[in-house]
Amino acid sequence: LYILENEPGLWHETHRDVRSEPLTYDELLERTVAYASAIRGADPGATIAGPAAWGWLELQYSAADVKAGVDRRPDRRRHGDVPLLAWYLRAVAEAERRSGVRLLDVVDVHFYPANDAIGTGTQGGTDPATCALRLRSTRSLWDPGYLDESWVGERMAVIPRVQRWIAENHPGLGLSIGEWNFGAEQHMSGGLAVAEVLGRFGTLGLQSAHYWTYPPLRSPAYWAFRAYRDYDGEGGRFLGWSLPVRGDDAPLASAFASADEERRRVVAVVLNLSPSSPLAARLELGSCGGAATVRAFGYAGGEGGLRPVRASATGGAVEVTAPPYSITVVEASLAGR
């Protein structure tokens with residue numbers, strides 16, 4: 001995977017010793033065409049991703065627009081007042097048609113919460129209000145109805161928005177969240193945010209996502225990754241086929257489900273986002289079939305990680321109780337499969 005650029009909308013700030021002028025729509029395209037063409041020539045089978053936009057403003061405006069003021073947005077207005085990334089995708093598609101060279105395979109954008117209280121890495125508030133905000137803020141990635149609670153103040157829905165722009169301007173490209181982090185990695189709210197986002201990435205069909213940088217060993221963020229990869233210490237993992245999940249409207253609970261190729265096993269991750277109330281979860285398997293055997297692993301904080309917890313199978317359903325602020329993995333083998 002070759003990633004073109006890195007947050008080019010910030011070059012005039014992050015690399016001001018070698019570049020003082022903010023990037024424009026046209027220069028971003030010119031550089032993409034030049035470098036992607038060179039990569040394709042040297043490595044025809046490469047996967048090429050770009051433009052590694054740093055966040056919300058770079059999806060909408062060029063660095064020149066931001067410097068001039070987004071109300072004025074002179075560069076965007078010169079390009080039909082079309083958001084930067086939407087224009088970029090269409091322009092790259094047109095350049096590919098002219099040259100016959102595939103320039104881009106994956107759209108790469110970055111996402112960090114824009115509210116400073118949430119923080120990144122091990123930083124960020126862990127008071128009750130900030131923890132609740134951290135968990136709500138994950139919705140800016142995927143929920144069209146969520147109004148972002150930061151200076152952005154818009155319904156961002158970054159993943160479906162970018163997927164729509166891809167469909168409209170350059171169909172067939174994959175999507176990668178090239179950097180992401182929700183802070184407080186050593187607090188359970190940070191671990192739950194990681195688990196929530198990983199589940200959404202799978203449900204929404206991302207090609208890849210790259211965590212910045214890595215969760216501290218045995219932290220809640222670390223065990224959130226382990227809930228999907230090696231929850232039992234013996235290679236147990238979220239499986240290869242995502243299953244649709246429908247359920248009661250429970251704003252402080254999430255569930256993500258998967259099946260193996262043969263549809264003989266189901267693995268689900270259940271999140272209790274409430275800091276104070278246990279969750280009595282009933283997972284109805286429906287057309288998947290009844291559960292022949294079931295086991296579950298839970299985590300609610302600390303360094304010890306996921307541990308076996310009680311779960312029961314009754315006909316076509318599995319029942320498990322998830323304590324407050326917890327991640328529970330349920331694995332069922334299916335009867336008659």
# chains A, B, ... in the order shown; residues from 1 in each chain; ligands from 1
$ residues_around --residues "Val82 in chain A" --least-positions-apart "5" --cutoff "12 Å" --atoms "only C-alpha atoms" --output "count of residues only"
17
$ select_by_dssp --residues "range 2-143 of chain A" --states "helix (DSSP H, G or I)" --output "PyMOL selection string"
chain A and resi 8-14+25-42+56-60+63-68+74-78+84-99+128-141
$ residues_around --residues "Pro113 in chain A" --least-positions-apart "2" --cutoff "8 Å" --atoms "only C-alpha atoms" --output "PyMOL selection string"
chain A and resi 111+115-116+118-119+137-138+181-182
$ closest_residue --among "A:His187, A:Lys67, A:Arg164, A:His210" --to "Gly125 in chain A" --atoms "only C-alpha atoms"
A:His187
$ residues_around --residues "Leu206 in chain A" --least-positions-apart "3" --cutoff "7 Å" --atoms "only C-alpha atoms" --output "PyMOL selection string"
chain A and resi 174-176+201-202
